[in-house]
$ cat final_34.pdb   # PDB, C-alpha atoms and all ligand atoms
ATOM      1  CA  MET B   6       6.420   1.517  -8.986
ATOM      2  CA  LYS B   7       6.142   0.154  -5.467
ATOM      3  CA  ILE B   8       3.784  -2.594  -4.364
ATOM      4  CA  PHE B   9       2.533  -2.711  -0.790
ATOM      5  CA  LEU B  10       0.280  -5.358   0.761
ATOM      6  CA  ASP B  11      -2.790  -4.074   2.566
ATOM      7  CA  THR B  12      -3.189  -6.624   5.347
ATOM      8  CA  ALA B  13      -2.123  -7.507   8.889
ATOM      9  CA  ASP B  14      -1.939 -11.235   8.132
ATOM     10  CA  VAL B  15       1.729 -11.947   8.893
ATOM     11  CA  PRO B  16       2.011 -15.493   7.417
ATOM     12  CA  THR B  17       0.558 -14.252   4.106
ATOM     13  CA  ILE B  18       2.851 -11.212   4.100
ATOM     14  CA  LYS B  19       5.828 -13.486   4.821
ATOM     15  CA  LYS B  20       4.919 -15.755   1.906
ATOM     16  CA  HIS B  21       4.629 -12.904  -0.588
ATOM     17  CA  PHE B  22       7.581 -10.899   0.740
ATOM     18  CA  ALA B  23       9.752 -13.911  -0.135
ATOM     19  CA  SER B  24       8.950 -13.176  -3.810
ATOM     20  CA  GLY B  25      11.117 -10.054  -3.608
ATOM     21  CA  LEU B  26       8.314  -8.037  -5.186
ATOM     22  CA  ILE B  27       6.801  -6.446  -2.066
ATOM     23  CA  ASP B  28       8.027  -3.024  -0.938
ATOM     24  CA  GLY B  29       5.901  -2.454   2.139
ATOM     25  CA  VAL B  30       2.751  -3.123   4.139
ATOM     26  CA  THR B  31      -0.179  -0.926   5.072
ATOM     27  CA  THR B  32      -2.401  -1.726   8.037
ATOM     28  CA  ASN B  33      -5.430  -0.015   9.525
ATOM     29  CA  PRO B  34      -7.627  -0.635  12.606
ATOM     30  CA  THR B  35     -10.016  -2.856  10.604
ATOM     31  CA  LEU B  36      -7.210  -5.035   9.255
ATOM     32  CA  ILE B  37      -5.657  -5.340  12.716
ATOM     33  CA  MET B  38      -9.064  -6.281  14.140
ATOM     34  CA  LYS B  39      -9.478  -8.960  11.455
ATOM     35  CA  SER B  40      -6.075 -10.418  12.380
ATOM     36  CA  GLY B  41      -7.309 -10.870  15.969
ATOM     37  CA  ARG B  42      -3.848  -9.912  17.213
ATOM     38  CA  ASP B  43      -2.127  -7.250  19.296
ATOM     39  CA  PRO B  44      -1.107  -4.576  16.762
ATOM     40  CA  GLU B  45       2.372  -4.199  18.187
ATOM     41  CA  ASP B  46       3.035  -7.943  17.932
ATOM     42  CA  VAL B  47       2.075  -7.685  14.256
ATOM     43  CA  TYR B  48       4.345  -4.645  13.701
ATOM     44  CA  GLN B  49       7.262  -6.330  15.490
ATOM     45  CA  GLU B  50       6.980  -9.447  13.344
ATOM     46  CA  LEU B  51       6.880  -7.310  10.191
ATOM     47  CA  VAL B  52       9.981  -5.409  11.317
ATOM     48  CA  ASP B  53      11.720  -8.714  12.067
ATOM     49  CA  LEU B  54      10.797  -9.996   8.607
ATOM     50  CA  GLY B  55      12.574  -6.973   7.137
ATOM     51  CA  ILE B  56       9.514  -5.258   5.617
ATOM     52  CA  PRO B  57      11.005  -1.905   4.542
ATOM     53  CA  ASP B  58       7.943   0.279   5.132
ATOM     54  CA  ILE B  59       5.066  -0.437   7.531
ATOM     55  CA  SER B  60       2.093   1.915   7.904
ATOM     56  CA  MET B  61       0.793   1.906  11.497
ATOM     57  CA  GLU B  62      -2.389   3.862  12.100
ATOM     58  CA  VAL B  63      -2.935   6.045  15.170
ATOM     59  CA  VAL B  64      -6.316   7.207  16.469
ATOM     60  CA  GLY B  65      -7.659   9.658  19.044
ATOM     61  CA  ASP B  66      -7.129  13.370  19.678
ATOM     62  CA  THR B  67      -4.095  15.335  18.548
ATOM     63  CA  VAL B  68      -2.124  14.746  21.734
ATOM     64  CA  THR B  69      -2.773  11.002  21.687
ATOM     65  CA  MET B  70      -2.018  10.587  17.986
ATOM     66  CA  ALA B  71       1.192  12.635  18.178
ATOM     67  CA  ALA B  72       2.419  10.794  21.291
ATOM     68  CA  GLU B  73       1.506   7.380  19.866
ATOM     69  CA  GLY B  74       3.198   8.200  16.568
ATOM     70  CA  ALA B  75       6.413   9.265  18.284
ATOM     71  CA  ARG B  76       6.334   6.196  20.548
ATOM     72  CA  LEU B  77       5.816   3.776  17.647
ATOM     73  CA  VAL B  78       8.677   5.349  15.716
ATOM     74  CA  LYS B  79      10.933   5.037  18.746
ATOM     75  CA  LYS B  80       9.934   1.395  19.260
ATOM     76  CA  PHE B  81      10.047   0.175  15.650
ATOM     77  CA  GLY B  82      12.575   2.550  14.062
ATOM     78  CA  LYS B  83      12.307   5.620  11.872
ATOM     79  CA  ASP B  84      13.258   3.825   8.651
ATOM     80  CA  LYS B  85      10.563   1.195   8.661
ATOM     81  CA  THR B  86       7.769   2.991  10.500
ATOM     82  CA  THR B  87       5.223   5.151   8.736
ATOM     83  CA  ILE B  88       2.575   6.741  10.909
ATOM     84  CA  LYS B  89      -0.880   6.753   9.398
ATOM     85  CA  VAL B  90      -3.267   9.555  10.321
ATOM     86  CA  PRO B  91      -6.733  10.451   9.019
ATOM     87  CA  CYS B  92      -7.252  13.423   6.734
ATOM     88  CA  THR B  93      -8.905  15.619   9.375
ATOM     89  CA  PRO B  94      -7.750  18.906  10.922
ATOM     90  CA  ASP B  95      -6.402  16.914  13.897
ATOM     91  CA  GLY B  96      -4.734  14.316  11.679
ATOM     92  CA  LEU B  97      -3.059  16.962   9.539
ATOM     93  CA  TRP B  98      -1.860  18.881  12.588
ATOM     94  CA  VAL B  99      -0.225  15.673  13.832
ATOM     95  CA  CYS B 100       1.182  15.081  10.334
ATOM     96  CA  LYS B 101       2.806  18.521  10.425
ATOM     97  CA  GLN B 102       4.360  17.933  13.853
ATOM     98  CA  LEU B 103       5.687  14.451  13.048
ATOM     99  CA  SER B 104       6.979  15.537   9.633
ATOM    100  CA  LYS B 105       9.040  18.283  11.283
ATOM    101  CA  ASP B 106      10.871  15.452  13.084
ATOM    102  CA  LEU B 107      11.383  13.713   9.716
ATOM    103  CA  ILE B 108       8.887  10.994  10.610
ATOM    104  CA  LYS B 109       7.152   9.482   7.566
ATOM    105  CA  VAL B 110       3.394  10.114   7.632
ATOM    106  CA  ASN B 111       0.746   8.447   5.480
ATOM    107  CA  VAL B 112      -2.427  10.556   5.380
ATOM    108  CA  THR B 113      -5.309   8.163   4.890
ATOM    109  CA  LEU B 114      -9.016   8.387   4.057
ATOM    110  CA  ILE B 115      -8.371  10.769   1.170
ATOM    111  CA  PHE B 116     -11.411  11.257  -1.053
ATOM    112  CA  SER B 117     -10.656  14.529  -2.854
ATOM    113  CA  GLN B 118      -7.832  16.383  -4.550
ATOM    114  CA  ALA B 119      -8.310  19.220  -2.039
ATOM    115  CA  GLN B 120      -7.650  16.865   0.889
ATOM    116  CA  ALA B 121      -4.498  15.582  -0.833
ATOM    117  CA  ILE B 122      -3.247  19.158  -1.286
ATOM    118  CA  LEU B 123      -3.715  19.886   2.426
ATOM    119  CA  ALA B 124      -1.948  16.644   3.355
ATOM    120  CA  ALA B 125       0.985  17.523   1.101
ATOM    121  CA  LYS B 126       1.216  20.965   2.703
ATOM    122  CA  ALA B 127       1.230  19.258   6.107
ATOM    123  CA  GLY B 128       4.385  17.401   5.024
ATOM    124  CA  ALA B 129       2.897  13.971   4.326
ATOM    125  CA  LYS B 130       5.245  11.384   2.849
ATOM    126  CA  TYR B 131       2.219   9.598   1.341
ATOM    127  CA  VAL B 132      -1.410  10.383   0.615
ATOM    128  CA  SER B 133      -3.797   7.434   0.368
ATOM    129  CA  PRO B 134      -6.756   8.003  -1.955
ATOM    130  CA  PHE B 135      -9.345   5.226  -1.428
ATOM    131  CA  VAL B 136     -10.046   4.149  -4.987
ATOM    132  CA  GLY B 137     -12.507   1.333  -4.273
ATOM    133  CA  ARG B 138     -14.581   3.257  -1.777
ATOM    134  CA  VAL B 139     -14.948   6.117  -4.263
ATOM    135  CA  ASP B 140     -16.033   3.571  -6.911
ATOM    136  CA  ASP B 141     -18.484   2.045  -4.404
ATOM    137  CA  ASN B 142     -20.151   5.450  -4.272
ATOM    138  CA  SER B 143     -20.487   5.759  -8.048
ATOM    139  CA  PHE B 144     -17.580   8.146  -8.645
ATOM    140  CA  GLY B 145     -14.321   7.345 -10.446
ATOM    141  CA  GLY B 146     -11.750   6.335  -7.851
ATOM    142  CA  LEU B 147      -8.942   6.118 -10.372
ATOM    143  CA  CYS B 148      -9.700   9.656 -11.594
ATOM    144  CA  LEU B 149      -8.936  10.776  -8.062
ATOM    145  CA  VAL B 150      -5.486   9.182  -8.308
ATOM    146  CA  LYS B 151      -4.966  10.888 -11.667
ATOM    147  CA  ASP B 152      -6.068  14.321 -10.386
ATOM    148  CA  ILE B 153      -3.859  14.155  -7.307
ATOM    149  CA  ALA B 154      -0.817  12.865  -9.226
ATOM    150  CA  LYS B 155      -1.233  15.612 -11.826
ATOM    151  CA  VAL B 156      -1.343  18.476  -9.358
ATOM    152  CA  PHE B 157       1.593  17.047  -7.393
ATOM    153  CA  ARG B 158       3.610  16.687 -10.605
ATOM    154  CA  GLU B 159       2.824  20.182 -11.829
ATOM    155  CA  HIS B 160       3.787  21.746  -8.514
ATOM    156  CA  MET B 161       6.773  19.455  -7.937
ATOM    157  CA  VAL B 162       5.306  18.194  -4.685
ATOM    158  CA  ARG B 163       7.371  15.420  -3.130
ATOM    159  CA  THR B 164       4.458  13.699  -1.379
ATOM    160  CA  GLU B 165       3.855  10.309  -3.009
ATOM    161  CA  VAL B 166       0.477   9.017  -4.144
ATOM    162  CA  LEU B 167      -0.309   5.676  -2.519
ATOM    163  CA  ALA B 168      -3.402   4.266  -4.213
ATOM    164  CA  ALA B 169      -5.397   2.304  -1.631
ATOM    165  CA  SER B 170      -8.666   0.422  -1.317
ATOM    166  CA  LEU B 171      -8.172  -1.407  -4.599
ATOM    167  CA  ARG B 172     -10.626  -4.071  -5.674
ATOM    168  CA  GLY B 173      -8.890  -5.761  -8.612
ATOM    169  CA  VAL B 174      -5.836  -6.124 -10.834
ATOM    170  CA  ARG B 175      -7.106  -3.683 -13.459
ATOM    171  CA  ASP B 176      -7.094  -0.974 -10.785
ATOM    172  CA  VAL B 177      -3.420  -1.714 -10.089
ATOM    173  CA  GLY B 178      -2.242  -1.070 -13.634
ATOM    174  CA  ARG B 179      -4.422   1.978 -14.032
ATOM    175  CA  ALA B 180      -3.327   3.459 -10.697
ATOM    176  CA  PHE B 181       0.297   3.366 -11.863
ATOM    177  CA  GLU B 182      -0.659   4.541 -15.360
ATOM    178  CA  TYR B 183      -2.436   7.533 -13.840
ATOM    179  CA  GLY B 184       0.625   8.550 -11.865
ATOM    180  CA  GLY B 185       0.340   6.655  -8.598
ATOM    181  CA  ASP B 186       3.751   6.019  -7.001
ATOM    182  CA  ILE B 187       2.675   3.112  -4.809
ATOM    183  CA  VAL B 188      -0.249   0.752  -4.915
ATOM    184  CA  THR B 189      -1.395  -1.118  -1.813
ATOM    185  CA  MET B 190      -3.601  -4.132  -2.299
ATOM    186  CA  PRO B 191      -5.098  -7.113  -0.511
ATOM    187  CA  PRO B 192      -3.011 -10.300  -0.956
ATOM    188  CA  GLY B 193      -5.752 -11.778  -3.169
ATOM    189  CA  VAL B 194      -5.290  -8.983  -5.700
ATOM    190  CA  PHE B 195      -1.507  -9.394  -5.630
ATOM    191  CA  GLU B 196      -1.887 -13.133  -6.299
ATOM    192  CA  LYS B 197      -4.116 -12.395  -9.298
ATOM    193  CA  MET B 198      -1.460 -10.100 -10.778
ATOM    194  CA  TYR B 199       0.548 -13.185 -11.744
ATOM    195  CA  LYS B 200      -2.337 -14.844 -13.498
ATOM    196  CA  HIS B 201      -3.442 -14.877 -17.110
ATOM    197  CA  ILE B 202      -5.385 -17.604 -18.860
ATOM    198  CA  LEU B 203      -3.133 -17.351 -21.934
ATOM    199  CA  THR B 204      -0.046 -17.824 -19.761
ATOM    200  CA  ASP B 205      -1.569 -21.003 -18.322
ATOM    201  CA  GLN B 206      -2.564 -22.292 -21.758
ATOM    202  CA  GLY B 207       0.785 -21.360 -23.288
ATOM    203  CA  LEU B 208       2.696 -23.055 -20.488
ATOM    204  CA  GLU B 209       0.628 -26.195 -20.778
ATOM    205  CA  LEU B 210       1.490 -26.394 -24.483
ATOM    206  CA  PHE B 211       5.192 -25.669 -23.883
ATOM    207  CA  ASP B 212       5.347 -28.379 -21.195
ATOM    208  CA  LYS B 213       3.667 -30.882 -23.509
ATOM    209  CA  ASP B 214       5.958 -30.015 -26.428
ATOM    210  CA  TRP B 215       9.059 -30.137 -24.249
ATOM    211  CA  LYS B 216       8.181 -33.671 -23.183
ATOM    212  CA  GLU B 217       7.883 -34.526 -26.892
ATOM    213  CA  VAL B 218      11.346 -33.042 -27.531
ATOM    214  CA  GLN B 219      12.808 -35.072 -24.680
ATOM    215  CA  SER B 220      11.201 -38.296 -25.901
ATOM    216  CA  HIS B 221      12.995 -37.796 -29.250
ATOM    217  CA  THR B 222      16.388 -36.906 -27.811
ATOM    218  CA  GLN B 223      16.678 -39.694 -25.218
TER     219      GLN B 223
HETATM  220  O1  LIG R   1      -5.526   0.998   2.852
HETATM  221  C1  LIG R   1      -6.869   1.377   2.920
HETATM  222  C2  LIG R   1      -7.698   0.194   2.627
HETATM  223  O2  LIG R   1      -7.420  -0.764   3.582
HETATM  224  C3  LIG R   1      -9.150   0.373   2.558
HETATM  225  O3  LIG R   1      -9.610  -0.669   1.780
HETATM  226  O4  LIG R   1     -11.159  -2.303   0.931
HETATM  227  O5  LIG R   1     -11.522  -1.320   3.195
HETATM  228  O6  LIG R   1     -11.916   0.040   1.160
HETATM  229  P1  LIG R   1     -11.138  -1.071   1.768
END

$ encode --input "final_34.pdb" --output "structure tokens" --more "lines below"
Ligand code: G3P
Amino acid sequence: MKIFLDTADVPTIKKHFASGLIDGVTTNPTLIMKSGRDPEDVYQELVDLGIPDISMEVVGDTVTMAAEGARLVKKFGKDKTTIKVPCTPDGLWVCKQLSKDLIKVNVTLIFSQAQAILAAKAGAKYVSPFVGRVDDNSFGGLCLVKDIAKVFREHMVRTEVLAASLRGVRDVGRAFEYGGDIVTMPPGVFEKMYKHILTDQGLELFDKDWKEVQSHTQ
């Protein structure tokens, strides 16, 4: 069960990576835009922080995506760099080429089991079904995770299911329960994973009682 953060906000990533619970980071053009920063400055800082797996999205035609993917891998290292491509004929062609060179590829914008099957055949390391965006359109996003994970399991496909576009903590648990290998989430969702009202209440009581114990023993 791996947890990735879905953001390009480096200070927030740094804070949560220090917990030892974060396995990687996914970015996309929208998240980079929101950061207001040069994407390669963001990637470099994440590499320097020691983030083990960083998804960097490429755009454009096949030639541009393939060249950009190869350049990013050369600049930031094969271990930490994952090239993110869209699930289109062009994106999957690039996935196939990069995978032949043992470059990790994350095929994004997956909305059907059929797309995930094509991405796996193109050699993807990860497929990213967009749970929340499926839910936004009145279908079951988590069912998509389940369907993809099932077919991969039954056919012993090595491509991992990276559940993306999550909206809340319940989605996180369910995504893993339904066979997702990795879940990427906004930092706000990760922060909520720690929280439970009964934990807060229980801790308050324990703290109070402990003070009582100390008052008797001193
Ligand atoms: O990793 C994909 C994710 O960033 C999309 O999330 O919330 O824009 O649907 P969202």

$ resolve_selection --input "final_34.pdb" --expression "the PyMOL selection byres (((chain B and resi 92) around 7) and not hetatm)" --output "JSON, numbers by chain"
{"B": [90, 91, 93, 94, 96, 97, 112, 113, 114, 115, 120]}

$ closest_residue --input "final_34.pdb" --among "B:Ala71, B:Cys100, B:Met161, B:Val139" --to "ligand LIG 1 (chain R)" --atoms "all atoms listed in the file"
B:Val139

$ residues_near_ligand --input "final_34.pdb" --ligand "ligand LIG 1 (chain R)" --cutoff "6 Å" --atoms "all atoms listed in the file" --output "ChimeraX atom specification"
/B:11,137-138,169-170

$ atom_distance --input "final_34.pdb" --atom1 "CA of Arg175 in chain B" --atom2 "CA of Val15 in chain B"
25.4 Å

$ resolve_selection --input "final_34.pdb" --expression "the PyMOL selection byres (((chain B and resi 38-54) around 7) and not hetatm)" --output "list in words"
Ala13, Asp14, Val15, Pro34, Thr35, Leu36, Ile37, Gly55 and Ile56 of chain B

$ atom_distance --input "final_34.pdb" --atom1 "CA of Val166 in chain B" --atom2 "CA of Leu103 in chain B"
18.8 Å

$ resolve_selection --input "final_34.pdb" --expression "the PyMOL selection byres (((chain B and resi 124-129) around 9) and not hetatm)" --output "compact mmCIF listing (two decimals) with C-alpha atoms, keeping the file's coordinate frame"
# COMPACT_ATOMS: atom_id res chain seq x y z
CA CYS B 92 -7.25 13.42 6.73
CA LEU B 97 -3.06 16.96 9.54
CA TRP B 98 -1.86 18.88 12.59
CA VAL B 99 -0.22 15.67 13.83
CA CYS B 100 1.18 15.08 10.33
CA LYS B 101 2.81 18.52 10.42
CA GLN B 102 4.36 17.93 13.85
CA LEU B 103 5.69 14.45 13.05
CA SER B 104 6.98 15.54 9.63
CA LYS B 105 9.04 18.28 11.28
CA LYS B 109 7.15 9.48 7.57
CA VAL B 110 3.39 10.11 7.63
CA ASN B 111 0.75 8.45 5.48
CA VAL B 112 -2.43 10.56 5.38
CA ILE B 115 -8.37 10.77 1.17
CA ALA B 119 -8.31 19.22 -2.04
CA GLN B 120 -7.65 16.86 0.89
CA ALA B 121 -4.50 15.58 -0.83
CA ILE B 122 -3.25 19.16 -1.29
CA LEU B 123 -3.72 19.89 2.43
CA LYS B 130 5.24 11.38 2.85
CA TYR B 131 2.22 9.60 1.34
CA VAL B 132 -1.41 10.38 0.62
CA PHE B 157 1.59 17.05 -7.39
CA VAL B 162 5.31 18.19 -4.68
CA ARG B 163 7.37 15.42 -3.13
CA THR B 164 4.46 13.70 -1.38
CA GLU B 165 3.86 10.31 -3.01

$ closest_residue --input "final_34.pdb" --among "B:Gly146, B:Gly74, B:Lys89, B:Ser133" --to "Ile187 in chain B" --atoms "all atoms listed in the file"
B:Ser133

$ atom_distance --input "final_34.pdb" --atom1 "CA of Lys151 in chain B" --atom2 "CA of His21 in chain B"
27.9 Å

$ build_atoms --input "final_34.pdb" --residues "range 118-129 of chain B" --atoms "all heavy atoms" --output "mmCIF file, in the coordinates of the input"
data_model
loop_
_atom_site.group_PDB
_atom_site.id
_atom_site.type_symbol
_atom_site.label_atom_id
_atom_site.label_comp_id
_atom_site.auth_asym_id
_atom_site.auth_seq_id
_atom_site.Cartn_x
_atom_site.Cartn_y
_atom_site.Cartn_z
ATOM 1 N N GLN B 118 -9.118 15.748 -4.228
ATOM 2 C CA GLN B 118 -7.832 16.383 -4.550
ATOM 3 C C GLN B 118 -7.497 17.439 -3.499
ATOM 4 O O GLN B 118 -6.341 17.617 -3.115
ATOM 5 C CB GLN B 118 -7.932 17.001 -5.944
ATOM 6 C CG GLN B 118 -6.628 17.457 -6.528
ATOM 7 C CD GLN B 118 -6.855 18.269 -7.784
ATOM 8 O OE1 GLN B 118 -7.674 19.190 -7.797
ATOM 9 N NE2 GLN B 118 -6.146 17.931 -8.846
ATOM 10 N N ALA B 119 -8.527 18.159 -3.036
ATOM 11 C CA ALA B 119 -8.310 19.220 -2.039
ATOM 12 C C ALA B 119 -7.696 18.643 -0.763
ATOM 13 O O ALA B 119 -6.764 19.232 -0.182
ATOM 14 C CB ALA B 119 -9.633 19.919 -1.728
ATOM 15 N N GLN B 120 -8.212 17.489 -0.322
ATOM 16 C CA GLN B 120 -7.650 16.865 0.889
ATOM 17 C C GLN B 120 -6.185 16.484 0.664
ATOM 18 O O GLN B 120 -5.347 16.669 1.552
ATOM 19 C CB GLN B 120 -8.451 15.611 1.249
ATOM 20 C CG GLN B 120 -9.838 15.900 1.790
ATOM 21 C CD GLN B 120 -10.579 14.599 2.108
ATOM 22 O OE1 GLN B 120 -10.610 13.682 1.300
ATOM 23 N NE2 GLN B 120 -11.173 14.532 3.288
ATOM 24 N N ALA B 121 -5.882 15.977 -0.531
ATOM 25 C CA ALA B 121 -4.498 15.582 -0.833
ATOM 26 C C ALA B 121 -3.568 16.800 -0.807
ATOM 27 O O ALA B 121 -2.426 16.719 -0.348
ATOM 28 C CB ALA B 121 -4.435 14.886 -2.192
ATOM 29 N N ILE B 122 -4.059 17.923 -1.292
ATOM 30 C CA ILE B 122 -3.247 19.158 -1.286
ATOM 31 C C ILE B 122 -2.940 19.572 0.159
ATOM 32 O O ILE B 122 -1.793 19.909 0.492
ATOM 33 C CB ILE B 122 -3.982 20.276 -2.057
ATOM 34 C CG1 ILE B 122 -4.009 19.936 -3.561
ATOM 35 C CG2 ILE B 122 -3.338 21.641 -1.810
ATOM 36 C CD1 ILE B 122 -4.976 20.780 -4.386
ATOM 37 N N LEU B 123 -3.947 19.515 1.018
ATOM 38 C CA LEU B 123 -3.715 19.886 2.426
ATOM 39 C C LEU B 123 -2.715 18.924 3.073
ATOM 40 O O LEU B 123 -1.831 19.352 3.819
ATOM 41 C CB LEU B 123 -5.030 19.873 3.210
ATOM 42 C CG LEU B 123 -6.041 20.971 2.872
ATOM 43 C CD1 LEU B 123 -7.269 20.838 3.758
ATOM 44 C CD2 LEU B 123 -5.429 22.363 3.034
ATOM 45 N N ALA B 124 -2.868 17.635 2.767
ATOM 46 C CA ALA B 124 -1.948 16.644 3.355
ATOM 47 C C ALA B 124 -0.512 16.898 2.892
ATOM 48 O O ALA B 124 0.433 16.811 3.681
ATOM 49 C CB ALA B 124 -2.392 15.236 2.963
ATOM 50 N N ALA B 125 -0.359 17.235 1.618
ATOM 51 C CA ALA B 125 0.985 17.523 1.101
ATOM 52 C C ALA B 125 1.565 18.742 1.817
ATOM 53 O O ALA B 125 2.738 18.763 2.199
ATOM 54 C CB ALA B 125 0.924 17.764 -0.406
ATOM 55 N N LYS B 126 0.734 19.759 2.011
ATOM 56 C CA LYS B 126 1.216 20.965 2.703
ATOM 57 C C LYS B 126 1.567 20.677 4.162
ATOM 58 O O LYS B 126 2.399 21.367 4.757
ATOM 59 C CB LYS B 126 0.173 22.087 2.615
ATOM 60 C CG LYS B 126 0.112 22.713 1.230
ATOM 61 C CD LYS B 126 -0.622 24.031 1.199
ATOM 62 C CE LYS B 126 -0.001 25.114 2.057
ATOM 63 N NZ LYS B 126 1.259 25.651 1.520
ATOM 64 N N ALA B 127 0.922 19.647 4.720
ATOM 65 C CA ALA B 127 1.230 19.258 6.107
ATOM 66 C C ALA B 127 2.480 18.379 6.175
ATOM 67 O O ALA B 127 2.853 17.919 7.253
ATOM 68 C CB ALA B 127 0.032 18.536 6.720
ATOM 69 N N GLY B 128 3.104 18.129 5.031
ATOM 70 C CA GLY B 128 4.385 17.401 5.024
ATOM 71 C C GLY B 128 4.259 15.905 4.885
ATOM 72 O O GLY B 128 5.222 15.175 5.158
ATOM 73 N N ALA B 129 3.087 15.424 4.436
ATOM 74 C CA ALA B 129 2.897 13.971 4.326
ATOM 75 C C ALA B 129 3.918 13.339 3.381
ATOM 76 O O ALA B 129 4.239 13.912 2.339
ATOM 77 C CB ALA B 129 1.487 13.665 3.816
#
